[in-house]
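Each remark here refers to the structure printed beneath this line.
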Amino acid sequence: MTSLDGPYHNLRVAEVIEETSDSKSFVFEVPPELAERFSYRSGQFLTFRVEVDGHRIVRCYSLASAPDLDARPKVTIKRVDEGRVSNWMNDHVVVGTTLEVMHPAGHFCLRESDSPILLFGGGSGITPIISIIKTALKTTSRPVKLLYANRNDQSIIFKEELTTLFSQYPDRLELVHRLDDVHGFVDASFVVQEVGPRTDADFYICGPGPFMDVVENALAGLHVDPSQIFIERFESPEGPISSEAVDTSGGARVTIKLDGNETEVEVGEGETILAAARRVGLEAPFACEEAYCGCCMAKVVEGDVEMLTNDGGIDQRQIDQGWVLTCQGIVKGRARIEYPD
Ligand SMILES: Cc1cc2nc3c(=O)[nH]c(=O)nc-3n(C[C@H](O)[C@H](O)[C@H](O)COP(=O)(O)OP(=O)(O)OC[C@H]3O[C@@H](n4cnc5c(N)ncnc54)[C@H](O)[C@@H]3O)c2cc1C
């Protein structure tokens with residue numbers, strides 16, 4: 001879809017950078033007519049829709065570029081064992097490939113404050129973190145400290161770029177590499193030691209689940225106020241949800257067109273369209289389920305659908321044209337919706 005109004009836009013890959021043996025960066029060319037739509041804040045992500053083995057799959061990838069420094073948006077994708085999209089991107093995307101991309105979204109962004117910034121990145125979790133670091137160094141005078149955990153030296157993404165940043169800002173940027181094969185996994189005592197007296201900092205955390213848990217628990221142990229802690233989770237969508245305990249006797253129904261197939265689904269009281277679709281086994285796209293990513297957008301072509309909330313996942317023009325976020329969409333009586341072709 002190339003129309004300005006639909007959720008996906010075609011972006012051409014302008015550059016591919018081999019970062020490590022299992023990760024690549026993809027830099028995109030944004031045509032002038034899409035420049036506004038693709039303006040972003042450091043820490044936000046892009047949503048991609050790709051076709052892998054005949055299945056359309058939607059995945060989010062954080063922007064590793066920073067709007068204040070980098071001319072073009074860039075994402076960096078690390079292979080996941082048996083992962084469909086991450087491997088497909090690393091194997092098939094070359095300069096000139098056109099990908100379907102949704103507008104930037106997400107709240108894992110630098111908040112205005114004078115306090116120091118401590119960032120904990122693990123593996124590919126460095127992507128939004130480096131974006132935030134670049135913007136913080138360029139646009140503020142806040143001290144910045146990165147604690148970056150990796151399996152080994154070879155798996156460090158952006159090693160050179162970080163070293164360059166350090167040489168540009170030696171008085172403001174502190175860089176601590178933590179390697180599993182040398183130091184072992186990050187534990188609470190490491191977090192406590194590296195935070196030191198800076199419990200007044202803003203903390204940004206992104207990495208594997210267990211890594212984030214350790215950091216979050218250690219910060220809680222230090223009595224850091226949760227309002228100072230920002231977390232980005234790189235979770236992959238799960239399979240269908242349980243069909244139990246949904247009372248569909250109210251008679252609400254939605255016809256869902258997805259990948260050319262139509263399915264009529266009974267909807268429970270207060271149940272969202274996305275939840276109903278997943279309950280009956282449809283592979284409807286979604287990511288955040290909190291109304292900000294826009295992944296689950298579909299168009300209402302008949303009937304009435306009300307959104308519980310919209311946290312920026314969809315703009316007013318799209319709403320006026322009938323698009324809704326299905327993770328927030330409640331069917332009033334009967335409706336018919338179509339996911340984008
Ligand atoms: C906001 C956000 C930002 C992100 N940013 C980045 C980023 O910057 N860089 C990055 O590399 N990643 C990022 N991710 C993660 C990314 O979106 C994908 O989740 C990741 O690439 C894995 O997707 P995949 O399709 O390759 O793997 P999937 O195919 O979803 O597989 C993931 C895992 O599940 C297992 N699996 C798959 N199917 C099944 C099944 N049927 N039964 C059992 N196990 C199964 C696989 O073996 C694999 O281990 C981000 C995620 C979010 C939500």
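Residues are referred to by chain and number: the chain letter is A, B, ... according to the order shown in the structure tokens, the number counts from 1 in that chain, and ligands are numbered separately from 1 in the order shown.
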
Name all residues at most 12 Å from Val101 of chain A (count only C-alpha atoms; drop same-chain ones fewer than 2 positions away) and give them as a PDB file with N, CA, C and O atoms, in the first residue's frame.
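In the end it all went to result.pdb:
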ATOM      1  N   MET A   1       0.843  -1.193   0.000  1.00  0.00           N
ATOM      2  CA  MET A   1       0.000   0.000   0.000  1.00  0.00           C
ATOM      3  C   MET A   1       0.882   1.248   0.000  1.00  0.00           C
ATOM      4  O   MET A   1       1.770   1.371   0.813  1.00  0.00           O
ATOM      5  N   THR A   2       0.644   2.147  -0.940  1.00  0.00           N
ATOM      6  CA  THR A   2       1.479   3.334  -0.990  1.00  0.00           C
ATOM      7  C   THR A   2       0.687   4.602  -0.684  1.00  0.00           C
ATOM      8  O   THR A   2       1.250   5.662  -0.530  1.00  0.00           O
ATOM      9  N   GLY A   6      -3.279   4.788   4.143  1.00  0.00           N
ATOM     10  CA  GLY A   6      -3.209   3.452   4.719  1.00  0.00           C
ATOM     11  C   GLY A   6      -2.051   3.351   5.694  1.00  0.00           C
ATOM     12  O   GLY A   6      -1.208   4.237   5.763  1.00  0.00           O
ATOM     13  N   PRO A   7      -2.000   2.277   6.466  1.00  0.00           N
ATOM     14  CA  PRO A   7      -0.952   2.180   7.479  1.00  0.00           C
ATOM     15  C   PRO A   7       0.438   1.852   6.936  1.00  0.00           C
ATOM     16  O   PRO A   7       1.427   2.220   7.558  1.00  0.00           O
ATOM     17  N   TYR A   8       0.515   1.165   5.788  1.00  0.00           N
ATOM     18  CA  TYR A   8       1.841   0.768   5.288  1.00  0.00           C
ATOM     19  C   TYR A   8       2.288   1.618   4.114  1.00  0.00           C
ATOM     20  O   TYR A   8       1.487   1.989   3.265  1.00  0.00           O
ATOM     21  N   HIS A   9       3.588   1.880   4.090  1.00  0.00           N
ATOM     22  CA  HIS A   9       4.184   2.642   2.996  1.00  0.00           C
ATOM     23  C   HIS A   9       5.394   1.879   2.491  1.00  0.00           C
ATOM     24  O   HIS A   9       6.072   1.204   3.264  1.00  0.00           O
ATOM     25  N   ASN A  10       5.653   1.994   1.203  1.00  0.00           N
ATOM     26  CA  ASN A  10       6.807   1.305   0.639  1.00  0.00           C
ATOM     27  C   ASN A  10       8.047   2.155   0.824  1.00  0.00           C
ATOM     28  O   ASN A  10       8.107   3.289   0.360  1.00  0.00           O
ATOM     29  N   LEU A  11       9.028   1.598   1.509  1.00  0.00           N
ATOM     30  CA  LEU A  11      10.308   2.292   1.657  1.00  0.00           C
ATOM     31  C   LEU A  11      11.401   1.439   1.025  1.00  0.00           C
ATOM     32  O   LEU A  11      11.454   0.218   1.224  1.00  0.00           O
ATOM     33  N   ARG A  12      12.279   2.105   0.310  1.00  0.00           N
ATOM     34  CA  ARG A  12      13.376   1.423  -0.366  1.00  0.00           C
ATOM     35  C   ARG A  12      14.598   1.375   0.554  1.00  0.00           C
ATOM     36  O   ARG A  12      14.915   2.351   1.233  1.00  0.00           O
ATOM     37  N   VAL A  13      15.245   0.218   0.568  1.00  0.00           N
ATOM     38  CA  VAL A  13      16.460   0.079   1.374  1.00  0.00           C
ATOM     39  C   VAL A  13      17.604   0.740   0.621  1.00  0.00           C
ATOM     40  O   VAL A  13      17.910   0.386  -0.528  1.00  0.00           O
ATOM     41  N   PHE A  28      16.970   3.339   5.324  1.00  0.00           N
ATOM     42  CA  PHE A  28      15.868   3.558   4.369  1.00  0.00           C
ATOM     43  C   PHE A  28      15.893   4.940   3.734  1.00  0.00           C
ATOM     44  O   PHE A  28      16.280   5.923   4.370  1.00  0.00           O
ATOM     45  N   GLU A  29      15.419   4.935   2.497  1.00  0.00           N
ATOM     46  CA  GLU A  29      15.240   6.176   1.755  1.00  0.00           C
ATOM     47  C   GLU A  29      13.793   6.594   1.984  1.00  0.00           C
ATOM     48  O   GLU A  29      12.892   5.800   1.714  1.00  0.00           O
ATOM     49  N   VAL A  30      13.582   7.790   2.473  1.00  0.00           N
ATOM     50  CA  VAL A  30      12.204   8.245   2.705  1.00  0.00           C
ATOM     51  C   VAL A  30      11.887   9.320   1.673  1.00  0.00           C
ATOM     52  O   VAL A  30      12.518  10.386   1.674  1.00  0.00           O
ATOM     53  N   LEU A  34       6.713  11.458   2.162  1.00  0.00           N
ATOM     54  CA  LEU A  34       6.514  10.677   3.382  1.00  0.00           C
ATOM     55  C   LEU A  34       7.371  11.184   4.551  1.00  0.00           C
ATOM     56  O   LEU A  34       7.369  10.596   5.626  1.00  0.00           O
ATOM     57  N   ARG A  37       5.462  11.889   7.712  1.00  0.00           N
ATOM     58  CA  ARG A  37       4.905  10.653   8.291  1.00  0.00           C
ATOM     59  C   ARG A  37       5.994   9.819   8.991  1.00  0.00           C
ATOM     60  O   ARG A  37       5.743   9.106   9.942  1.00  0.00           O
ATOM     61  N   PHE A  38       7.220   9.923   8.474  1.00  0.00           N
ATOM     62  CA  PHE A  38       8.307   9.115   9.032  1.00  0.00           C
ATOM     63  C   PHE A  38       9.249   9.922   9.941  1.00  0.00           C
ATOM     64  O   PHE A  38      10.337   9.469  10.244  1.00  0.00           O
ATOM     65  N   PHE A  45      10.098   2.905  17.241  1.00  0.00           N
ATOM     66  CA  PHE A  45      10.324   1.759  16.362  1.00  0.00           C
ATOM     67  C   PHE A  45       9.487   1.865  15.088  1.00  0.00           C
ATOM     68  O   PHE A  45       8.523   2.636  15.030  1.00  0.00           O
ATOM     69  N   LEU A  46       9.884   1.071  14.087  1.00  0.00           N
ATOM     70  CA  LEU A  46       9.109   0.954  12.860  1.00  0.00           C
ATOM     71  C   LEU A  46       8.473  -0.436  12.831  1.00  0.00           C
ATOM     72  O   LEU A  46       9.045  -1.387  13.374  1.00  0.00           O
ATOM     73  N   THR A  47       7.335  -0.529  12.192  1.00  0.00           N
ATOM     74  CA  THR A  47       6.671  -1.819  12.057  1.00  0.00           C
ATOM     75  C   THR A  47       6.731  -2.250  10.594  1.00  0.00           C
ATOM     76  O   THR A  47       6.398  -1.464   9.701  1.00  0.00           O
ATOM     77  N   PHE A  48       7.153  -3.483  10.377  1.00  0.00           N
ATOM     78  CA  PHE A  48       7.327  -4.008   9.017  1.00  0.00           C
ATOM     79  C   PHE A  48       6.324  -5.124   8.764  1.00  0.00           C
ATOM     80  O   PHE A  48       6.044  -5.912   9.670  1.00  0.00           O
ATOM     81  N   ARG A  49       5.855  -5.186   7.529  1.00  0.00           N
ATOM     82  CA  ARG A  49       5.021  -6.335   7.154  1.00  0.00           C
ATOM     83  C   ARG A  49       5.728  -7.044   6.009  1.00  0.00           C
ATOM     84  O   ARG A  49       5.943  -6.449   4.954  1.00  0.00           O
ATOM     85  N   VAL A  50       6.091  -8.292   6.239  1.00  0.00           N
ATOM     86  CA  VAL A  50       6.817  -9.033   5.195  1.00  0.00           C
ATOM     87  C   VAL A  50       6.124 -10.362   4.937  1.00  0.00           C
ATOM     88  O   VAL A  50       5.334 -10.839   5.765  1.00  0.00           O
ATOM     89  N   ILE A  57       3.701 -11.523   7.835  1.00  0.00           N
ATOM     90  CA  ILE A  57       4.036 -11.390   9.256  1.00  0.00           C
ATOM     91  C   ILE A  57       4.419  -9.945   9.550  1.00  0.00           C
ATOM     92  O   ILE A  57       5.094  -9.299   8.747  1.00  0.00           O
ATOM     93  N   VAL A  58       3.974  -9.487  10.698  1.00  0.00           N
ATOM     94  CA  VAL A  58       4.267  -8.114  11.115  1.00  0.00           C
ATOM     95  C   VAL A  58       5.252  -8.151  12.290  1.00  0.00           C
ATOM     96  O   VAL A  58       5.069  -8.916  13.227  1.00  0.00           O
ATOM     97  N   ARG A  59       6.290  -7.340  12.197  1.00  0.00           N
ATOM     98  CA  ARG A  59       7.266  -7.272  13.292  1.00  0.00           C
ATOM     99  C   ARG A  59       7.720  -5.826  13.486  1.00  0.00           C
ATOM    100  O   ARG A  59       7.779  -5.055  12.522  1.00  0.00           O
ATOM    101  N   CYS A  60       8.084  -5.500  14.727  1.00  0.00           N
ATOM    102  CA  CYS A  60       8.572  -4.159  15.037  1.00  0.00           C
ATOM    103  C   CYS A  60      10.095  -4.186  15.160  1.00  0.00           C
ATOM    104  O   CYS A  60      10.640  -5.136  15.738  1.00  0.00           O
ATOM    105  N   TYR A  61      10.752  -3.136  14.682  1.00  0.00           N
ATOM    106  CA  TYR A  61      12.197  -2.990  14.864  1.00  0.00           C
ATOM    107  C   TYR A  61      12.510  -1.543  15.245  1.00  0.00           C
ATOM    108  O   TYR A  61      12.078  -0.600  14.565  1.00  0.00           O
ATOM    109  N   PRO A  73      16.560   7.052   8.372  1.00  0.00           N
ATOM    110  CA  PRO A  73      16.228   6.101   9.438  1.00  0.00           C
ATOM    111  C   PRO A  73      16.917   4.753   9.216  1.00  0.00           C
ATOM    112  O   PRO A  73      17.041   4.293   8.074  1.00  0.00           O
ATOM    113  N   VAL A  75      17.256   0.674  10.946  1.00  0.00           N
ATOM    114  CA  VAL A  75      16.963  -0.343  11.963  1.00  0.00           C
ATOM    115  C   VAL A  75      18.049  -1.403  11.913  1.00  0.00           C
ATOM    116  O   VAL A  75      18.711  -1.569  10.884  1.00  0.00           O
ATOM    117  N   THR A  98      12.317  -3.149  -1.564  1.00  0.00           N
ATOM    118  CA  THR A  98      11.283  -2.265  -1.042  1.00  0.00           C
ATOM    119  C   THR A  98      10.515  -3.018   0.035  1.00  0.00           C
ATOM    120  O   THR A  98      10.093  -4.153  -0.190  1.00  0.00           O
ATOM    121  N   LEU A  99      10.350  -2.396   1.173  1.00  0.00           N
ATOM    122  CA  LEU A  99       9.640  -3.058   2.273  1.00  0.00           C
ATOM    123  C   LEU A  99       8.410  -2.246   2.667  1.00  0.00           C
ATOM    124  O   LEU A  99       8.399  -1.021   2.530  1.00  0.00           O
ATOM    125  N   HIS A 103       4.362   3.829  10.051  1.00  0.00           N
ATOM    126  CA  HIS A 103       4.951   5.041  10.656  1.00  0.00           C
ATOM    127  C   HIS A 103       5.631   4.726  12.001  1.00  0.00           C
ATOM    128  O   HIS A 103       5.244   3.782  12.686  1.00  0.00           O
ATOM    129  N   PRO A 104       6.610   5.533  12.419  1.00  0.00           N
ATOM    130  CA  PRO A 104       7.270   5.303  13.701  1.00  0.00           C
ATOM    131  C   PRO A 104       6.285   5.408  14.867  1.00  0.00           C
ATOM    132  O   PRO A 104       5.336   6.193  14.814  1.00  0.00           O
ATOM    133  N   ALA A 105       6.520   4.616  15.891  1.00  0.00           N
ATOM    134  CA  ALA A 105       5.649   4.635  17.066  1.00  0.00           C
ATOM    135  C   ALA A 105       6.464   4.258  18.295  1.00  0.00           C
ATOM    136  O   ALA A 105       7.597   3.803  18.184  1.00  0.00           O
ATOM    137  N   CYS A 293       1.136   1.413  18.733  1.00  0.00           N
ATOM    138  CA  CYS A 293       2.024   1.011  17.635  1.00  0.00           C
ATOM    139  C   CYS A 293       1.339   1.056  16.267  1.00  0.00           C
ATOM    140  O   CYS A 293       2.006   1.246  15.259  1.00  0.00           O
ATOM    141  N   GLY A 294       0.054   0.852  16.219  1.00  0.00           N
ATOM    142  CA  GLY A 294      -0.654   0.915  14.939  1.00  0.00           C
ATOM    143  C   GLY A 294      -0.624  -0.374  14.141  1.00  0.00           C
ATOM    144  O   GLY A 294      -1.242  -0.479  13.082  1.00  0.00           O
ATOM    145  N   CYS A 295       0.076  -1.396  14.625  1.00  0.00           N
ATOM    146  CA  CYS A 295       0.224  -2.671  13.899  1.00  0.00           C
ATOM    147  C   CYS A 295      -1.104  -3.334  13.543  1.00  0.00           C
ATOM    148  O   CYS A 295      -1.199  -4.037  12.557  1.00  0.00           O
TER     149      CYS A 295
END

Applying 7 Å and only C-alpha atoms, which residues near Lys332 of chain A remain after dropping the ones on its own chain fewer than 3 positions away? List them as a short mmCIF file (atom, residue, chain, number, x, y, z; two decimals) with N, CA and C atoms, in the first residue's frame.
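Generated file (part.cif):
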data_model
loop_
_atom_site.label_atom_id
_atom_site.label_comp_id
_atom_site.auth_asym_id
_atom_site.auth_seq_id
_atom_site.Cartn_x
_atom_site.Cartn_y
_atom_site.Cartn_z
N ALA A 252 -23.13 -9.76 19.25
CA ALA A 252 -22.25 -8.93 18.41
C ALA A 252 -21.42 -9.84 17.49
N ASP A 304 -20.52 -0.40 12.93
CA ASP A 304 -20.03 0.59 13.88
C ASP A 304 -19.01 -0.06 14.82
N VAL A 305 -17.84 0.55 14.90
CA VAL A 305 -16.81 0.06 15.83
C VAL A 305 -16.33 1.26 16.64
#

Skipping near chain neighbours, those fewer than 4 positions away, what residues fall within 9 Å of segment 125-135 of chain A using only C-alpha atoms, listed as an MDAnalysis selection string?
-> chainID A and resid 41:45 61:69 75:77 108:110 117 119:121 139:140 144:146 148 157:158 162 165 173 204:208 232:234

All residues 12 Å or closer to Pro197 of chain A, only C-alpha atoms, same chain fewer than 2 positions away omitted, as a ChimeraX atom specification = /A:116,118,191-195,199-201,219,222-224

Determine which residues of segment 59-246 of chain A receive a DSSP assignment of helix (DSSP H, G or I), computed from the backbone, and state them as a ChimeraX atom specification.
-> /A:84-92,123-139,153-155,159-168,180-183,188-195,209-221,226-228

Would you list the contacts of Phe185 of chain A as a VMD selection string, taking every protein, DNA or RNA residue within 12 Å and counting only C-alpha atoms, but skipping same-chain residues closer than 2 positions in sequence?
-> chain A and resid 122 148 to 152 177 to 183 187 to 191 208 210 to 212 214 to 215

Which neighbours of Cys327 of chain A fall inside 6 Å, counting only C-alpha atoms, when residues of the same chain fewer than 2 positions from it are skipped, and could you give them as number ranges by chain?
-> A: 272, 274, 289, 325, 329

Write out as a list of chain:residue names each polymer residue whose atoms come within 12 Å of Asp53 of chain A, counting only C-alpha atoms; drop sequence neighbours fewer than 5 positions from it.
-> A:Arg84, A:Val85, A:Trp88
